[in-house]
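Asks: Sharing a structure, written as structure tokens. Questions coming.
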Amino acid sequence: MVKWKSIVVMLGVLAVFAATAVVATATEPPTPFHIYGWVKYSNGTEVLGPNVKITNLNTSEDYTVETSASYSYYLVITSSNNVSEGNALYFNASDDGNSINRTVTVTSGNMTDGGLFEQNLTIKVGICGDVNCDGYVTGYDSDLILLYLYKGYSLEDEWAADVNADGYITGYDSDLILLYLYKGYELRCS
């Protein structure tokens, strides 16, 4: 009888070892991948409760985006199994009228930065050339002078100041506003 008890105990110990080995060889859970950022208007005002949609163009997967009516922040938590280096993520943010679309490629750095992927989005509003956001593009009393004197300080709306859409705010932009005011030149903020 003692022999049978020893065999049963031994089989029980072997079963525990086998179960432990199976658990030990199981793969670790995937790393969380956080996609987050702020949505603001080009004049710096926050877009409260933005509508944000994110789609992985490589897998056609749409991610559930968390937002709040009280904040301009958005957040998606998915796993590294759903996002890979080289994936193109398509972002759309709107306020039910104005919107911004952007496609961003996930880099190896994004994957190794602890699964953090920040993407701030700017919805462009206002009038191209209306640097002080007063609703008009004017000459020597405001927009033109502000842009002419611009030396890197904060403008009310930097998007509106880049009137040739080259990504830089320079004296050339003020020259183009002058041409717009007096010669009918077309301003082209991006």
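Chain labels run A, B, ... following the order of the structure tokens; each chain numbers its residues from 1, and ligands are numbered from 1 in the order shown.
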DSSP on the backbone, strand (DSSP E) only: what residues of chain A does that give? Format it as a JSON list (two decimals) with N, CA and C atoms, in the first residue's frame.
Replies:
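Printed below is out.json as written:
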[["chain", "number", "residue", "atom", "x", "y", "z"],
["A", 32, "PRO", "N", 1.55, 46.78, -24.15],
["A", 32, "PRO", "CA", 0.55, 47.79, -24.53],
["A", 32, "PRO", "C", 1.18, 48.83, -25.47],
["A", 33, "PHE", "N", 0.39, 49.33, -26.38],
["A", 33, "PHE", "CA", 0.83, 50.38, -27.30],
["A", 33, "PHE", "C", -0.16, 51.52, -27.15],
["A", 34, "HIS", "N", 0.33, 52.69, -26.71],
["A", 34, "HIS", "CA", -0.50, 53.86, -26.43],
["A", 34, "HIS", "C", -0.37, 54.88, -27.56],
["A", 35, "ILE", "N", -1.48, 55.25, -28.16],
["A", 35, "ILE", "CA", -1.52, 56.31, -29.16],
["A", 35, "ILE", "C", -2.31, 57.44, -28.51],
["A", 36, "TYR", "N", -1.69, 58.61, -28.41],
["A", 36, "TYR", "CA", -2.34, 59.69, -27.67],
["A", 36, "TYR", "C", -1.88, 61.05, -28.18],
["A", 37, "GLY", "N", -2.57, 62.08, -27.76],
["A", 37, "GLY", "CA", -2.17, 63.43, -28.12],
["A", 37, "GLY", "C", -3.26, 64.43, -27.82],
["A", 38, "TRP", "N", -3.00, 65.65, -28.23],
["A", 38, "TRP", "CA", -3.92, 66.77, -28.04],
["A", 38, "TRP", "C", -4.44, 67.22, -29.39],
["A", 39, "VAL", "N", -5.67, 67.70, -29.40],
["A", 39, "VAL", "CA", -6.24, 68.28, -30.61],
["A", 39, "VAL", "C", -6.51, 69.75, -30.31],
["A", 40, "LYS", "N", -5.90, 70.61, -31.12],
["A", 40, "LYS", "CA", -6.07, 72.05, -30.94],
["A", 40, "LYS", "C", -6.37, 72.69, -32.29],
["A", 41, "TYR", "N", -6.90, 73.91, -32.20],
["A", 41, "TYR", "CA", -7.06, 74.71, -33.41],
["A", 41, "TYR", "C", -5.75, 75.39, -33.72],
["A", 51, "ASN", "N", -13.60, 64.69, -32.16],
["A", 51, "ASN", "CA", -13.90, 63.41, -32.81],
["A", 51, "ASN", "C", -12.60, 62.94, -33.43],
["A", 52, "VAL", "N", -12.08, 61.83, -32.95],
["A", 52, "VAL", "CA", -10.81, 61.31, -33.46],
["A", 52, "VAL", "C", -11.02, 59.89, -33.94],
["A", 53, "LYS", "N", -10.54, 59.62, -35.15],
["A", 53, "LYS", "CA", -10.60, 58.27, -35.71],
["A", 53, "LYS", "C", -9.18, 57.90, -36.13],
["A", 54, "ILE", "N", -8.75, 56.70, -35.76],
["A", 54, "ILE", "CA", -7.42, 56.22, -36.14],
["A", 54, "ILE", "C", -7.59, 54.86, -36.80],
["A", 55, "THR", "N", -7.00, 54.71, -37.97],
["A", 55, "THR", "CA", -7.07, 53.46, -38.72],
["A", 55, "THR", "C", -5.67, 53.01, -39.07],
["A", 56, "ASN", "N", -5.36, 51.74, -38.85],
["A", 56, "ASN", "CA", -4.11, 51.15, -39.30],
["A", 56, "ASN", "C", -4.31, 50.77, -40.76],
["A", 61, "GLU", "N", -7.58, 47.99, -39.51],
["A", 61, "GLU", "CA", -8.18, 48.00, -38.18],
["A", 61, "GLU", "C", -8.43, 49.44, -37.73],
["A", 62, "ASP", "N", -9.67, 49.69, -37.27],
["A", 62, "ASP", "CA", -10.01, 50.97, -36.65],
["A", 62, "ASP", "C", -9.85, 50.80, -35.15],
["A", 63, "TYR", "N", -9.24, 51.79, -34.51],
["A", 63, "TYR", "CA", -9.01, 51.73, -33.07],
["A", 63, "TYR", "C", -10.08, 52.53, -32.34],
["A", 73, "TYR", "N", -7.82, 66.09, -25.20],
["A", 73, "TYR", "CA", -6.91, 64.95, -25.21],
["A", 73, "TYR", "C", -7.62, 63.72, -25.76],
["A", 74, "TYR", "N", -6.87, 62.88, -26.46],
["A", 74, "TYR", "CA", -7.42, 61.60, -26.91],
["A", 74, "TYR", "C", -6.44, 60.49, -26.57],
["A", 75, "LEU", "N", -6.94, 59.27, -26.48],
["A", 75, "LEU", "CA", -6.10, 58.13, -26.09],
["A", 75, "LEU", "C", -6.64, 56.84, -26.70],
["A", 76, "VAL", "N", -5.71, 56.03, -27.19],
["A", 76, "VAL", "CA", -6.01, 54.67, -27.64],
["A", 76, "VAL", "C", -5.00, 53.76, -26.98],
["A", 77, "ILE", "N", -5.48, 52.69, -26.38],
["A", 77, "ILE", "CA", -4.57, 51.67, -25.85],
["A", 77, "ILE", "C", -4.88, 50.39, -26.59],
["A", 78, "THR", "N", -3.89, 49.94, -27.33],
["A", 78, "THR", "CA", -4.01, 48.68, -28.06],
["A", 78, "THR", "C", -2.79, 47.85, -27.67],
["A", 79, "SER", "N", -2.45, 46.83, -28.40],
["A", 79, "SER", "CA", -1.27, 46.04, -28.06],
["A", 79, "SER", "C", -0.26, 46.08, -29.21],
["A", 88, "ALA", "N", 1.31, 52.17, -41.34],
["A", 88, "ALA", "CA", 0.86, 53.54, -41.58],
["A", 88, "ALA", "C", -0.44, 53.75, -40.82],
["A", 89, "LEU", "N", -0.42, 54.70, -39.89],
["A", 89, "LEU", "CA", -1.61, 55.03, -39.11],
["A", 89, "LEU", "C", -2.24, 56.30, -39.68],
["A", 90, "TYR", "N", -3.52, 56.21, -40.00],
["A", 90, "TYR", "CA", -4.27, 57.34, -40.56],
["A", 90, "TYR", "C", -5.07, 57.99, -39.43],
["A", 91, "PHE", "N", -4.85, 59.28, -39.22],
["A", 91, "PHE", "CA", -5.53, 60.04, -38.18],
["A", 91, "PHE", "C", -6.53, 61.00, -38.83],
["A", 92, "ASN", "N", -7.72, 61.08, -38.25],
["A", 92, "ASN", "CA", -8.70, 62.10, -38.64],
["A", 92, "ASN", "C", -9.24, 62.68, -37.35],
["A", 93, "ALA", "N", -9.14, 64.00, -37.20],
["A", 93, "ALA", "CA", -9.70, 64.69, -36.04],
["A", 93, "ALA", "C", -10.61, 65.79, -36.55],
["A", 94, "SER", "N", -11.77, 65.96, -35.90],
["A", 94, "SER", "CA", -12.71, 66.99, -36.34],
["A", 94, "SER", "C", -13.47, 67.55, -35.15],
["A", 99, "SER", "N", -11.73, 69.82, -39.98],
["A", 99, "SER", "CA", -11.02, 68.57, -39.71],
["A", 99, "SER", "C", -9.58, 68.63, -40.19],
["A", 100, "ILE", "N", -8.81, 67.65, -39.73],
["A", 100, "ILE", "CA", -7.42, 67.46, -40.16],
["A", 100, "ILE", "C", -7.23, 65.98, -40.41],
["A", 101, "ASN", "N", -6.52, 65.64, -41.47],
["A", 101, "ASN", "CA", -6.17, 64.25, -41.78],
["A", 101, "ASN", "C", -4.66, 64.16, -41.84],
["A", 102, "ARG", "N", -4.11, 63.08, -41.33],
["A", 102, "ARG", "CA", -2.67, 62.89, -41.36],
["A", 102, "ARG", "C", -2.37, 61.40, -41.35],
["A", 103, "THR", "N", -1.36, 61.00, -42.11],
["A", 103, "THR", "CA", -0.88, 59.62, -42.08],
["A", 103, "THR", "C", 0.54, 59.63, -41.55],
["A", 104, "VAL", "N", 0.80, 58.79, -40.55],
["A", 104, "VAL", "CA", 2.11, 58.73, -39.91],
["A", 104, "VAL", "C", 2.57, 57.28, -39.89],
["A", 105, "THR", "N", 3.85, 57.05, -40.20],
["A", 105, "THR", "CA", 4.41, 55.71, -40.20],
["A", 105, "THR", "C", 5.06, 55.41, -38.85],
["A", 116, "LEU", "N", 4.81, 54.05, -26.45],
["A", 116, "LEU", "CA", 4.20, 55.37, -26.42],
["A", 116, "LEU", "C", 4.34, 56.03, -27.80],
["A", 117, "PHE", "N", 3.23, 56.51, -28.32],
["A", 117, "PHE", "CA", 3.20, 57.10, -29.65],
["A", 117, "PHE", "C", 2.35, 58.38, -29.57],
["A", 118, "GLU", "N", 3.02, 59.53, -29.42],
["A", 118, "GLU", "CA", 2.31, 60.80, -29.29],
["A", 118, "GLU", "C", 2.13, 61.44, -30.66],
["A", 121, "LEU", "N", -2.54, 66.87, -32.94],
["A", 121, "LEU", "CA", -3.23, 67.20, -34.19],
["A", 121, "LEU", "C", -3.73, 68.64, -34.13],
["A", 122, "THR", "N", -3.58, 69.36, -35.23],
["A", 122, "THR", "CA", -4.00, 70.75, -35.30],
["A", 122, "THR", "C", -5.03, 70.92, -36.41],
["A", 123, "ILE", "N", -6.21, 71.38, -36.03],
["A", 123, "ILE", "CA", -7.26, 71.68, -36.99],
["A", 123, "ILE", "C", -7.10, 73.13, -37.40]]
Asks: Where in stretch 111-185 of chain A does DSSP assign helix (DSSP H, G or I), given as a PyMOL selection string?
Replies: chain A and resi 111-112+143-148+158-161+171-183
Asks: Next, write the just-selected residues to a file, as a PDB file, in the first residue's frame, keeping N, CA and C atoms as the atom set.
Replies:
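Result file selection_29.pdb:
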ATOM      1  N   MET A 111       8.208  51.762 -31.394  1.00  0.00           N
ATOM      2  CA  MET A 111       7.965  50.444 -30.820  1.00  0.00           C
ATOM      3  C   MET A 111       8.796  50.213 -29.564  1.00  0.00           C
ATOM      4  N   THR A 112       9.977  50.805 -29.493  1.00  0.00           N
ATOM      5  CA  THR A 112      10.853  50.567 -28.343  1.00  0.00           C
ATOM      6  C   THR A 112      10.749  51.646 -27.274  1.00  0.00           C
ATOM      7  N   ASP A 143      -1.969  93.019 -39.095  1.00  0.00           N
ATOM      8  CA  ASP A 143      -1.416  91.758 -39.582  1.00  0.00           C
ATOM      9  C   ASP A 143      -0.081  91.936 -40.303  1.00  0.00           C
ATOM     10  N   LEU A 144      -0.023  92.859 -41.217  1.00  0.00           N
ATOM     11  CA  LEU A 144       1.203  93.082 -41.975  1.00  0.00           C
ATOM     12  C   LEU A 144       2.349  93.487 -41.054  1.00  0.00           C
ATOM     13  N   ILE A 145       2.083  94.409 -40.139  1.00  0.00           N
ATOM     14  CA  ILE A 145       3.127  94.879 -39.222  1.00  0.00           C
ATOM     15  C   ILE A 145       3.550  93.763 -38.270  1.00  0.00           C
ATOM     16  N   LEU A 146       2.584  93.023 -37.704  1.00  0.00           N
ATOM     17  CA  LEU A 146       2.932  91.910 -36.814  1.00  0.00           C
ATOM     18  C   LEU A 146       3.834  90.904 -37.521  1.00  0.00           C
ATOM     19  N   LEU A 147       3.503  90.590 -38.739  1.00  0.00           N
ATOM     20  CA  LEU A 147       4.290  89.625 -39.491  1.00  0.00           C
ATOM     21  C   LEU A 147       5.647  90.205 -39.888  1.00  0.00           C
ATOM     22  N   TYR A 148       5.667  91.479 -40.246  1.00  0.00           N
ATOM     23  CA  TYR A 148       6.917  92.136 -40.626  1.00  0.00           C
ATOM     24  C   TYR A 148       7.891  92.200 -39.442  1.00  0.00           C
ATOM     25  N   GLU A 158      -0.060  81.027 -35.972  1.00  0.00           N
ATOM     26  CA  GLU A 158       1.105  80.826 -36.839  1.00  0.00           C
ATOM     27  C   GLU A 158       0.720  80.209 -38.172  1.00  0.00           C
ATOM     28  N   TRP A 159      -0.356  79.406 -38.197  1.00  0.00           N
ATOM     29  CA  TRP A 159      -0.816  78.843 -39.463  1.00  0.00           C
ATOM     30  C   TRP A 159      -1.180  79.969 -40.434  1.00  0.00           C
ATOM     31  N   ALA A 160      -1.886  80.970 -39.948  1.00  0.00           N
ATOM     32  CA  ALA A 160      -2.316  82.075 -40.800  1.00  0.00           C
ATOM     33  C   ALA A 160      -1.147  82.933 -41.252  1.00  0.00           C
ATOM     34  N   ALA A 161      -0.028  82.888 -40.538  1.00  0.00           N
ATOM     35  CA  ALA A 161       1.136  83.710 -40.877  1.00  0.00           C
ATOM     36  C   ALA A 161       1.957  83.113 -42.014  1.00  0.00           C
ATOM     37  N   GLY A 171      10.082  87.083 -43.646  1.00  0.00           N
ATOM     38  CA  GLY A 171       9.720  88.383 -44.197  1.00  0.00           C
ATOM     39  C   GLY A 171       9.024  88.258 -45.537  1.00  0.00           C
ATOM     40  N   TYR A 172       9.290  87.169 -46.246  1.00  0.00           N
ATOM     41  CA  TYR A 172       8.634  86.948 -47.532  1.00  0.00           C
ATOM     42  C   TYR A 172       7.120  86.830 -47.355  1.00  0.00           C
ATOM     43  N   ASP A 173       6.685  86.216 -46.221  1.00  0.00           N
ATOM     44  CA  ASP A 173       5.251  86.107 -45.949  1.00  0.00           C
ATOM     45  C   ASP A 173       4.623  87.493 -45.801  1.00  0.00           C
ATOM     46  N   SER A 174       5.325  88.415 -45.128  1.00  0.00           N
ATOM     47  CA  SER A 174       4.781  89.776 -44.997  1.00  0.00           C
ATOM     48  C   SER A 174       4.729  90.457 -46.367  1.00  0.00           C
ATOM     49  N   ASP A 175       5.720  90.201 -47.216  1.00  0.00           N
ATOM     50  CA  ASP A 175       5.692  90.757 -48.577  1.00  0.00           C
ATOM     51  C   ASP A 175       4.476  90.245 -49.348  1.00  0.00           C
ATOM     52  N   LEU A 176       4.138  88.968 -49.153  1.00  0.00           N
ATOM     53  CA  LEU A 176       2.992  88.386 -49.855  1.00  0.00           C
ATOM     54  C   LEU A 176       1.678  88.974 -49.345  1.00  0.00           C
ATOM     55  N   ILE A 177       1.592  89.267 -48.039  1.00  0.00           N
ATOM     56  CA  ILE A 177       0.390  89.935 -47.525  1.00  0.00           C
ATOM     57  C   ILE A 177       0.260  91.316 -48.156  1.00  0.00           C
ATOM     58  N   LEU A 178       1.364  92.013 -48.304  1.00  0.00           N
ATOM     59  CA  LEU A 178       1.342  93.324 -48.951  1.00  0.00           C
ATOM     60  C   LEU A 178       0.832  93.191 -50.389  1.00  0.00           C
ATOM     61  N   LEU A 179       1.328  92.177 -51.103  1.00  0.00           N
ATOM     62  CA  LEU A 179       0.853  91.942 -52.471  1.00  0.00           C
ATOM     63  C   LEU A 179      -0.635  91.579 -52.487  1.00  0.00           C
ATOM     64  N   TYR A 180      -1.076  90.816 -51.495  1.00  0.00           N
ATOM     65  CA  TYR A 180      -2.490  90.461 -51.385  1.00  0.00           C
ATOM     66  C   TYR A 180      -3.346  91.717 -51.199  1.00  0.00           C
ATOM     67  N   LEU A 181      -2.916  92.592 -50.290  1.00  0.00           N
ATOM     68  CA  LEU A 181      -3.699  93.778 -49.979  1.00  0.00           C
ATOM     69  C   LEU A 181      -3.766  94.768 -51.139  1.00  0.00           C
ATOM     70  N   TYR A 182      -2.669  94.907 -51.876  1.00  0.00           N
ATOM     71  CA  TYR A 182      -2.614  95.963 -52.888  1.00  0.00           C
ATOM     72  C   TYR A 182      -2.620  95.474 -54.337  1.00  0.00           C
ATOM     73  N   LYS A 183      -2.390  94.193 -54.546  1.00  0.00           N
ATOM     74  CA  LYS A 183      -2.356  93.676 -55.923  1.00  0.00           C
ATOM     75  C   LYS A 183      -3.269  92.467 -56.125  1.00  0.00           C
TER      76      LYS A 183
END
Asks: Looking at only C-alpha atoms, which of A:Leu48, A:Cys128, A:Leu57, A:Val65 is the one that sits closest to A:Asp96?
Replies: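 Smallest separation from A:Asp96 among the options: A:Leu48.
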